[in-house]
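Pasted below: run07.csv, CSV, C-alpha atoms and all ligand atoms.
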chain,number,residue,atom,x,y,z
A,1,MET,CA,140.7,103.1,79.5
A,2,ASP,CA,141.0,100.3,82.0
A,3,ILE,CA,138.3,98.4,83.7
A,4,ILE,CA,138.8,95.9,86.6
A,5,PHE,CA,136.1,93.2,87.3
A,6,TYR,CA,135.4,91.2,90.5
A,7,HIS,CA,132.5,89.0,91.3
A,8,PRO,CA,132.8,86.1,93.8
A,9,SER,CA,130.5,83.7,91.9
A,10,PHE,CA,130.0,84.9,88.3
A,11,ASN,CA,132.0,83.3,85.5
A,12,SER,CA,134.7,86.0,85.1
A,13,ASP,CA,135.9,84.8,81.7
A,14,TYR,CA,132.4,85.0,80.3
A,15,TRP,CA,131.9,88.5,81.7
A,16,ILE,CA,135.4,89.8,80.6
A,17,ASN,CA,134.8,88.5,77.0
A,18,ALA,CA,131.3,90.1,76.9
A,19,LEU,CA,132.7,93.4,78.2
A,20,ARG,CA,135.5,93.4,75.7
A,21,LYS,CA,133.0,92.8,72.9
A,22,ALA,CA,130.7,95.6,74.1
A,23,MET,CA,133.6,98.0,74.6
A,24,PRO,CA,136.4,97.0,72.2
A,25,GLN,CA,138.4,100.2,72.8
A,26,VAL,CA,138.7,99.4,76.6
A,27,ASN,CA,141.2,97.1,78.4
A,28,VAL,CA,139.1,94.9,80.7
A,29,ARG,CA,140.7,92.5,83.2
A,30,ALA,CA,139.6,90.3,86.1
A,31,TRP,CA,141.0,91.8,89.3
A,32,THR,CA,143.1,89.3,91.4
A,33,ALA,CA,144.8,89.9,94.7
A,34,GLY,CA,148.0,92.0,94.4
A,35,ASP,CA,146.8,93.8,91.2
A,36,ASN,CA,147.6,97.4,92.0
A,37,ALA,CA,147.8,98.6,88.3
A,38,PRO,CA,145.8,101.6,87.5
A,39,ALA,CA,142.1,101.4,86.4
A,40,ASP,CA,139.4,103.9,85.5
A,41,TYR,CA,136.3,101.9,86.5
A,42,ALA,CA,135.7,98.9,88.8
A,43,LEU,CA,132.7,96.5,88.3
A,44,VAL,CA,132.2,94.7,91.6
A,45,TRP,CA,130.1,92.5,93.9
A,46,HIS,CA,131.4,91.9,97.4
A,47,PRO,CA,134.8,93.2,96.5
A,48,PRO,CA,137.8,92.7,98.7
A,49,VAL,CA,138.8,95.9,100.5
A,50,GLU,CA,142.2,96.0,98.9
A,51,MET,CA,140.7,95.9,95.4
A,52,LEU,CA,139.3,99.5,95.8
A,53,LYS,CA,141.4,101.0,98.6
A,54,GLY,CA,143.5,103.9,97.5
A,55,ARG,CA,142.4,103.8,93.9
A,56,LYS,CA,141.7,106.9,92.0
A,57,LEU,CA,138.7,105.6,90.0
A,58,LYS,CA,136.2,107.5,87.8
A,59,GLY,CA,133.5,105.2,89.1
A,60,VAL,CA,132.5,101.9,90.7
A,61,PHE,CA,129.6,99.8,89.4
A,62,ALA,CA,127.8,97.4,91.7
A,63,LEU,CA,126.7,94.4,89.7
A,64,GLY,CA,123.3,94.3,91.2
A,65,ALA,CA,120.4,96.6,92.1
A,66,GLY,CA,120.8,96.6,95.8
A,67,VAL,CA,123.9,98.3,97.3
A,68,ASP,CA,123.4,97.5,100.9
A,69,ALA,CA,126.3,95.1,100.9
A,70,ILE,CA,128.9,97.4,99.4
A,71,LEU,CA,127.7,100.4,101.5
A,72,GLY,CA,128.1,98.2,104.6
A,73,GLN,CA,131.6,97.3,103.5
A,74,LEU,CA,132.4,101.0,102.9
A,75,SER,CA,131.2,102.1,106.3
A,76,ALA,CA,133.1,99.2,108.0
A,77,ASN,CA,136.3,100.1,106.1
A,78,PRO,CA,136.8,103.8,106.1
A,79,GLY,CA,139.0,104.8,103.2
A,80,MET,CA,138.0,101.8,101.1
A,81,LEU,CA,136.5,104.2,98.5
A,82,ALA,CA,137.0,107.9,98.6
A,83,ASP,CA,133.8,109.9,99.1
A,84,ASP,CA,134.1,111.7,95.8
A,85,ILE,CA,134.3,108.5,93.7
A,86,PRO,CA,130.8,107.8,92.3
A,87,LEU,CA,129.1,104.5,93.0
A,88,PHE,CA,126.5,103.2,90.5
A,89,ARG,CA,124.1,100.4,90.6
A,90,LEU,CA,122.2,98.4,87.9
A,91,GLU,CA,118.8,100.0,87.1
A,92,ASP,CA,116.4,97.3,85.8
A,93,THR,CA,118.7,95.6,83.3
A,94,GLY,CA,116.1,92.9,82.9
A,95,MET,CA,115.3,92.6,86.6
A,96,GLY,CA,112.1,94.5,86.2
A,97,SER,CA,110.5,91.9,84.0
A,98,GLN,CA,111.7,89.1,86.3
A,99,MET,CA,110.1,90.8,89.3
A,100,GLN,CA,106.9,91.3,87.3
A,101,GLU,CA,106.7,87.6,86.5
A,102,TYR,CA,107.4,86.6,90.1
A,103,ALA,CA,104.9,89.0,91.6
A,104,VAL,CA,102.0,88.5,89.1
A,105,SER,CA,102.3,84.7,89.2
A,106,GLN,CA,102.2,84.7,93.0
A,107,VAL,CA,99.4,87.3,93.4
A,108,LEU,CA,97.3,85.2,90.9
A,109,HIS,CA,98.1,82.0,92.8
A,110,TRP,CA,96.7,83.5,96.0
A,111,PHE,CA,93.8,85.3,94.2
A,112,ARG,CA,92.6,82.0,92.6
A,113,ARG,CA,93.0,80.3,95.9
A,114,PHE,CA,95.5,77.7,94.6
A,115,ASP,CA,97.0,77.7,98.1
A,116,ASP,CA,93.6,76.6,99.5
A,117,TYR,CA,93.1,74.0,96.7
A,118,GLN,CA,96.5,72.5,97.4
A,119,ALA,CA,95.7,72.1,101.1
A,120,LEU,CA,92.4,70.5,100.1
A,121,LYS,CA,94.2,68.1,97.7
A,122,GLN,CA,96.4,67.0,100.6
A,123,GLN,CA,93.2,65.8,102.3
A,124,SER,CA,91.8,64.3,99.1
A,125,ARG,CA,88.9,66.7,99.3
A,126,TRP,CA,86.9,67.8,96.3
A,127,GLN,CA,85.4,71.2,97.3
A,128,GLN,CA,84.7,74.4,95.3
A,129,LEU,CA,85.5,77.5,97.3
A,130,GLU,CA,84.0,80.9,97.0
A,131,GLU,CA,85.7,83.2,94.5
A,132,TYR,CA,87.6,86.2,95.8
A,133,ALA,CA,86.7,89.6,94.4
A,134,HIS,CA,89.3,91.8,92.7
A,135,GLY,CA,88.1,94.8,94.7
A,136,ASP,CA,89.0,92.9,97.9
A,137,PHE,CA,92.5,92.2,96.7
A,138,THR,CA,94.3,95.5,96.9
A,139,VAL,CA,98.0,95.1,96.2
A,140,GLY,CA,100.3,97.4,98.1
A,141,ILE,CA,103.9,97.8,97.1
A,142,LEU,CA,106.5,99.1,99.5
A,143,GLY,CA,109.0,100.9,97.3
A,144,ALA,CA,108.1,102.5,94.0
A,145,GLY,CA,111.5,102.8,92.4
A,146,VAL,CA,112.8,101.1,89.3
A,147,LEU,CA,111.5,97.6,90.3
A,148,GLY,CA,108.5,98.5,92.5
A,149,SER,CA,107.0,100.7,89.8
A,150,LYS,CA,107.4,98.0,87.2
A,151,VAL,CA,105.7,95.5,89.4
A,152,ALA,CA,102.8,98.0,90.1
A,153,GLU,CA,102.3,98.5,86.3
A,154,SER,CA,102.2,94.7,85.7
A,155,LEU,CA,99.4,94.1,88.2
A,156,LEU,CA,97.0,96.7,86.8
A,157,PRO,CA,95.8,94.8,83.8
A,158,TRP,CA,94.6,92.0,86.1
A,159,GLY,CA,92.1,94.3,87.7
A,160,PHE,CA,93.6,94.6,91.2
A,161,PRO,CA,93.6,98.0,92.9
A,162,VAL,CA,97.3,98.8,93.2
A,163,ARG,CA,98.9,101.3,95.5
A,164,CYS,CA,102.5,102.1,96.4
A,165,TRP,CA,104.5,103.6,99.2
A,166,SER,CA,107.7,105.6,98.8
A,167,ARG,CA,109.6,108.5,100.2
A,168,SER,CA,108.5,110.9,97.5
A,169,ARG,CA,105.1,111.0,95.8
A,170,LYS,CA,104.8,109.2,92.5
A,171,SER,CA,102.4,109.7,89.6
A,172,LEU,CA,102.1,106.2,88.1
A,173,PRO,CA,99.0,106.0,86.0
A,174,GLY,CA,96.3,103.9,87.8
A,175,VAL,CA,98.4,103.5,91.0
A,176,GLN,CA,97.5,105.2,94.2
A,177,SER,CA,100.7,106.8,95.7
A,178,PHE,CA,101.4,107.2,99.4
A,179,ALA,CA,104.5,109.0,100.5
A,180,GLY,CA,106.5,109.2,103.7
A,181,PRO,CA,106.1,107.8,107.2
A,182,GLU,CA,103.0,109.9,107.8
A,183,GLU,CA,101.1,108.1,105.0
A,184,LEU,CA,102.3,104.6,105.8
A,185,GLY,CA,99.2,103.8,108.0
A,186,ASP,CA,96.8,104.8,105.2
A,187,PHE,CA,98.8,102.7,102.7
A,188,LEU,CA,98.6,99.6,104.9
A,189,GLN,CA,94.9,99.9,105.7
A,190,GLY,CA,93.1,97.8,103.3
A,191,THR,CA,96.2,96.3,101.6
A,192,ARG,CA,95.5,92.6,101.1
A,193,VAL,CA,98.8,91.7,99.4
A,194,LEU,CA,101.9,93.4,100.6
A,195,ILE,CA,104.9,93.3,98.2
A,196,ASN,CA,108.2,94.6,99.5
A,197,LEU,CA,110.7,96.2,97.1
A,198,LEU,CA,112.4,98.7,99.4
A,199,PRO,CA,116.2,99.1,99.6
A,200,ASN,CA,117.9,98.0,102.8
A,201,THR,CA,118.6,101.2,104.8
A,202,PRO,CA,118.6,102.1,108.5
A,203,GLU,CA,115.0,103.4,108.0
A,204,THR,CA,113.7,100.2,106.4
A,205,VAL,CA,115.3,97.5,108.5
A,206,GLY,CA,112.6,95.6,110.5
A,207,LEU,CA,109.8,97.7,108.9
A,208,ILE,CA,107.7,94.6,108.3
A,209,ASN,CA,107.0,93.9,112.0
A,210,GLN,CA,104.1,93.1,114.2
A,211,SER,CA,102.8,96.7,114.2
A,212,LEU,CA,102.9,96.9,110.4
A,213,LEU,CA,101.4,93.5,109.9
A,214,ASN,CA,98.5,94.4,112.3
A,215,GLN,CA,97.5,97.3,110.1
A,216,LEU,CA,97.0,95.2,106.9
A,217,ALA,CA,93.7,93.7,105.9
A,218,GLU,CA,92.5,90.5,107.5
A,219,HIS,CA,93.8,87.3,105.9
A,220,CYS,CA,96.5,89.2,104.0
A,221,TYR,CA,99.5,88.0,102.2
A,222,VAL,CA,103.1,89.1,102.3
A,223,MET,CA,105.7,88.8,99.5
A,224,ASN,CA,109.3,89.8,100.3
A,225,LEU,CA,111.4,90.4,97.2
A,226,ALA,CA,113.9,92.9,98.6
A,227,ARG,CA,116.0,91.9,101.6
A,228,GLY,CA,115.5,89.5,104.5
A,229,VAL,CA,116.3,92.2,107.1
A,230,HIS,CA,113.1,94.0,106.2
A,231,VAL,CA,111.0,91.3,107.9
A,232,VAL,CA,111.0,90.5,111.6
A,233,GLU,CA,110.6,86.7,111.0
A,234,ALA,CA,109.3,86.0,114.5
A,235,ASP,CA,106.5,88.6,114.0
A,236,LEU,CA,105.6,87.2,110.6
A,237,LEU,CA,105.4,83.7,112.1
A,238,ALA,CA,103.2,85.0,114.9
A,239,ALA,CA,100.9,86.7,112.4
A,240,LEU,CA,100.7,83.5,110.3
A,241,GLU,CA,99.8,81.6,113.5
A,242,SER,CA,97.1,84.1,114.4
A,243,GLY,CA,95.6,83.9,110.9
A,244,LYS,CA,96.1,87.6,110.3
A,245,VAL,CA,98.6,86.7,107.5
A,246,LYS,CA,97.2,83.9,105.4
A,247,GLY,CA,100.3,83.2,103.3
A,248,ALA,CA,103.8,84.4,102.7
A,249,MET,CA,106.1,84.2,99.7
A,250,LEU,CA,109.7,84.9,100.6
A,251,ASP,CA,112.7,85.2,98.3
A,252,VAL,CA,115.1,86.8,100.8
A,253,PHE,CA,116.1,86.0,104.4
A,254,SER,CA,118.0,87.6,107.2
A,255,ARG,CA,120.4,84.8,106.9
A,256,GLU,CA,121.2,83.3,103.5
A,257,PRO,CA,121.3,80.4,102.9
A,258,LEU,CA,118.4,80.0,105.3
A,259,PRO,CA,119.6,77.7,108.2
A,260,ALA,CA,118.0,74.2,108.1
A,261,ASP,CA,116.4,74.7,111.6
A,262,ASN,CA,114.6,77.9,110.6
A,263,PRO,CA,110.8,77.4,111.2
A,264,LEU,CA,110.0,79.1,108.0
A,265,TRP,CA,111.1,76.0,106.1
A,266,ALA,CA,108.4,73.8,107.6
A,267,HIS,CA,105.6,76.3,107.7
A,268,PRO,CA,102.7,75.1,105.5
A,269,ARG,CA,101.6,78.6,104.5
A,270,VAL,CA,105.1,79.9,103.7
A,271,ALA,CA,106.5,79.4,100.2
A,272,MET,CA,110.1,80.4,99.4
A,273,THR,CA,112.7,80.7,96.8
A,274,PRO,CA,116.5,81.1,97.3
A,275,HIS,CA,117.0,84.7,96.4
A,276,ILE,CA,116.2,84.3,92.7
A,277,ALA,CA,113.4,86.9,92.2
A,278,ALA,CA,115.6,88.7,89.8
A,279,PHE,CA,119.1,87.7,88.5
A,280,THR,CA,121.7,90.1,87.1
A,281,ARG,CA,121.6,89.4,83.3
A,282,PRO,CA,125.0,89.9,81.7
A,283,THR,CA,123.8,91.2,78.3
A,284,GLU,CA,121.5,93.8,79.8
A,285,ALA,CA,123.9,94.7,82.6
A,286,ILE,CA,126.8,95.2,80.3
A,287,GLU,CA,124.7,97.3,77.9
A,288,PHE,CA,123.7,99.5,80.9
A,289,ILE,CA,127.3,99.8,82.1
A,290,SER,CA,128.9,100.5,78.7
A,291,HIS,CA,126.2,103.1,77.9
A,292,THR,CA,126.7,104.8,81.3
A,293,ILE,CA,130.5,104.8,81.0
A,294,GLY,CA,130.1,106.3,77.5
A,295,LYS,CA,128.0,109.1,78.9
A,296,LEU,CA,130.3,109.7,81.8
A,297,GLU,CA,133.3,110.0,79.5
A,298,ARG,CA,131.4,112.5,77.4
A,299,GLY,CA,130.5,114.5,80.5
A,300,GLU,CA,126.8,113.8,80.2
A,301,THR,CA,124.2,113.2,82.9
A,302,VAL,CA,123.7,109.6,83.9
A,303,SER,CA,121.2,107.7,86.1
A,304,GLY,CA,121.9,104.9,88.5
A,305,ARG,CA,124.2,106.9,90.8
A,306,VAL,CA,123.8,105.8,94.4
A,307,ASP,CA,123.4,108.4,97.1
A,308,ARG,CA,125.8,107.0,99.6
A,309,VAL,CA,124.4,109.1,102.5
A,310,ARG,CA,120.7,108.1,101.8
A,311,GLY,CA,121.8,104.5,101.3
A,312,TYR,CA,120.3,103.7,98.0
B,401,LIG,N1,115.4,89.4,95.5
B,401,LIG,C1,116.1,89.7,94.4
B,401,LIG,O1,116.5,88.9,93.6
B,401,LIG,C2,116.4,91.2,94.2
B,401,LIG,C3,116.2,92.1,95.2
B,401,LIG,N2,116.4,93.5,94.9
B,401,LIG,C4,116.1,94.5,95.9
B,401,LIG,O2,115.1,95.4,95.4
B,401,LIG,C5,115.4,96.7,96.0
B,401,LIG,C6,114.7,97.7,95.2
B,401,LIG,O3,115.4,97.9,93.9
B,401,LIG,P1,115.0,99.2,93.0
B,401,LIG,O4,113.6,99.3,92.7
B,401,LIG,O5,116.0,99.1,91.8
B,401,LIG,O6,115.5,100.4,94.0
B,401,LIG,P2,115.1,101.9,93.8
B,401,LIG,O7,116.2,102.6,94.5
B,401,LIG,O8,114.9,102.2,92.4
B,401,LIG,O9,113.7,102.1,94.6
B,401,LIG,C7,113.6,102.1,96.0
B,401,LIG,C8,112.3,102.6,96.4
B,401,LIG,O10,112.1,102.6,97.8
B,401,LIG,C9,111.7,103.8,98.3
B,401,LIG,N3,112.2,104.1,99.6
B,401,LIG,C10,113.5,104.0,100.0
B,401,LIG,N4,113.6,104.3,101.3
B,401,LIG,C11,112.4,104.6,101.7
B,401,LIG,C12,111.8,105.0,103.0
B,401,LIG,N5,112.6,105.1,104.1
B,401,LIG,N6,110.5,105.1,103.1
B,401,LIG,C13,109.7,105.0,102.0
B,401,LIG,N7,110.2,104.6,100.7
B,401,LIG,C14,111.5,104.4,100.6
B,401,LIG,C15,112.2,104.9,97.3
B,401,LIG,O11,111.5,106.0,97.4
B,401,LIG,P3,111.8,107.3,96.5
B,401,LIG,O12,111.5,106.9,95.0
B,401,LIG,O13,110.9,108.4,96.9
B,401,LIG,O14,113.3,107.6,96.6
B,401,LIG,C16,112.0,104.1,96.0
B,401,LIG,O15,110.7,104.3,95.5
B,401,LIG,C17,117.0,96.7,96.0
B,401,LIG,O16,117.5,97.6,96.9
B,401,LIG,C18,117.3,95.3,96.3
B,401,LIG,O17,117.5,95.2,97.7
B,401,LIG,C19,116.9,93.9,93.7
B,401,LIG,C20,117.1,93.0,92.7
B,401,LIG,C21,117.0,91.6,92.9
B,402,LIG,O1,119.5,91.0,95.1
B,402,LIG,C1,120.0,91.3,94.1
B,402,LIG,C2,120.3,92.6,93.7
B,402,LIG,O2,120.6,92.8,92.5
B,402,LIG,O3,120.3,93.5,94.6
Translate the structure described by the file into C-alpha cells.
Amino acid sequence: MDIIFYHPSFNSDYWINALRKAMPQVNVRAWTAGDNAPADYALVWHPPVEMLKGRKLKGVFALGAGVDAILGQLSANPGMLADDIPLFRLEDTGMGSQMQEYAVSQVLHWFRRFDDYQALKQQSRWQQLEEYAHGDFTVGILGAGVLGSKVAESLLPWGFPVRCWSRSRKSLPGVQSFAGPEELGDFLQGTRVLINLLPNTPETVGLINQSLLNQLAEHCYVMNLARGVHVVEADLLAALESGKVKGAMLDVFSREPLPADNPLWAHPRVAMTPHIAAFTRPTEAIEFISHTIGKLERGETVSGRVDRVRGY
C-alpha cells in the first residue's frame, strides 16, 4: 500500500517517519510536484490540484477537523477528486481537550470578571465588584458535533447552564439541545456566552450577525473557535459599541493573518489568538488515520467520512 503526504507547513520528514512507524507495512512518501506514481491514500492540507487530479485513490484524509478549504478547492476545480473517492477528516485527535481548555478558561475569565478587574487596574482603582451568578451565565454552543459536545461536557462541572444548537437533536446528559433553524431563536434567548463550533458551510456563513447578536442576553460574550466567516465583524463591532456584547474572544478571522488595520486589534474588549484553539497533534492524528485505514482495508465501517454535499 502507498500513501502520499502533503502539508504546506508541517514538518514532512517528522510526519513521514511517524507514519512509517505507525504503519510499517505501508510505503509512505512526501508528495512533490511531478509525482504521478500510484498511491492508495493521500493525507493532505491545502493540496495542489495536480496532486489529486486523476488519481484513483481509496481515500483522502484532511489533516484537520474542518474541511471547508478542501471542499472549496474541489468545487473550484471540477475533476480534482472523483465524487466516489471518500474524503475523511480528523475527529477529535486531541483537539477536543484543547477546545475544552480554551473555552473553560475564557468562560471563567468572564464569569469571575477578570476583564472588568483588568480595566480597573488600568485606572489604578481598587474596587470589589458584585459577583455574577452561575444561573445568569448560560453558555450556548453553536454546533454540537465532535468538538462542540466535548466543550459542552467540560462546562457542566463548573455549574453553568449549558445548551447547544445543531441540525439534529442531541441527547447529551445535562445539556439542553436545540435543533434546526426553527429552534435557533429559543436557543439564543437567554444565552449569555455564545461559543461557535459550527463548520463553515453555505448555511452557516455570516450566521453571527446583527440579528443573531440582538437575540442574545444583555451584556453577553462571544467566543469564535470555528471559522472567521461565521461572524460579521462589522456587526460584532457595532454590538460591542452598543454594550449588547460585553466581550469577545476570537481565534479565527475572515482574513488570516488578520490585517494590521483591522479595528478588532485595538478594541479593548476583544481578545484574540492566531487560530490556535486546537492544533493537529501528530501522534493522535496518525493513530486515527492508521486505525481508519486498517478498518477500510478490512471493509469495516469507519467514522470521519465527510458528506461532500452537506459540506462537513
Ligand atoms: N480554531 C481552531 O483551531 C479549530 C477550528 N475548528 C473548527 O471547528 C469546526 C467543528 O468541528 P467538529 O466539532 O469536529 O465538527 P462536527 O462536524 O463534528 O460538528 C459540527 C456540528 O455543527 C452542526 N451543524 C452543521 N451545520 C449546521 C446548521 N446548518 N445548523 C445547525 N447546526 C449545524 C452539526 O449538526 P449535526 O450534529 O446535527 O450534524 C454538528 O453538531 C470545524 O468545522 C472547524 O471549522 C476545528 C479545529 C480547530
Ligand atoms: O482549524 C483547524 C482545523 O483543524 O479545522
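Straight-line separation from atom CA of A:Asp261 to atom CA of A:Gly66: 27.4 Å.
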>> Taking only C-alpha atoms and all ligand atoms and a cut-off of 6 Å, can you tell me which residues surround ligand LIG 401 (chain B), written as a PyMOL selection string?
In response: chain A and resi 65-66+91+143-148+165-168+180+197-200+203-204+225-227+251-252+275-279+312
> Given the choices A:Leu74, A:Ile195, A:Ala119, A:Ala69, which gets closest to A:Pro268 if the distance is worked out from all atoms listed in the file?
Replying inline: A:Ala119
> Which residue, A:Asp235, A:Asp13, A:Asp83, A:Glu101, has the smallest gap to A:Leu212 when you use all atoms listed in the file?
Replying inline: A:Asp235
> Between A:Phe253, A:Trp110, A:Tyr6, A:Tyr132, which is the closest to ligand LIG 402 (chain B) once you count only C-alpha atoms and all ligand atoms?
Replying inline: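 Result for the nearest residue to ligand LIG 402 (chain B): A:Phe253.
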> Closest to A:Ala18 among A:Asp136, A:Glu130, A:Glu284, A:Glu50, using all atoms listed in the file?
Replying inline: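 Ranked by minimum distance to A:Ala18, first place goes to A:Glu284.
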>> I'd like the interatomic distance between atom CA of A:Phe88 and atom CA of A:Ala39, to a tenth of an Å.
In response: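 Going from atom CA of A:Phe88 over to atom CA of A:Ala39, I get 16.2 Å.
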> Hey, which of A:Glu297, A:Met223, A:Ser290, A:Phe10 ends up closest to A:Val28? Count all atoms listed in the file.
Replying inline: A:Ser290
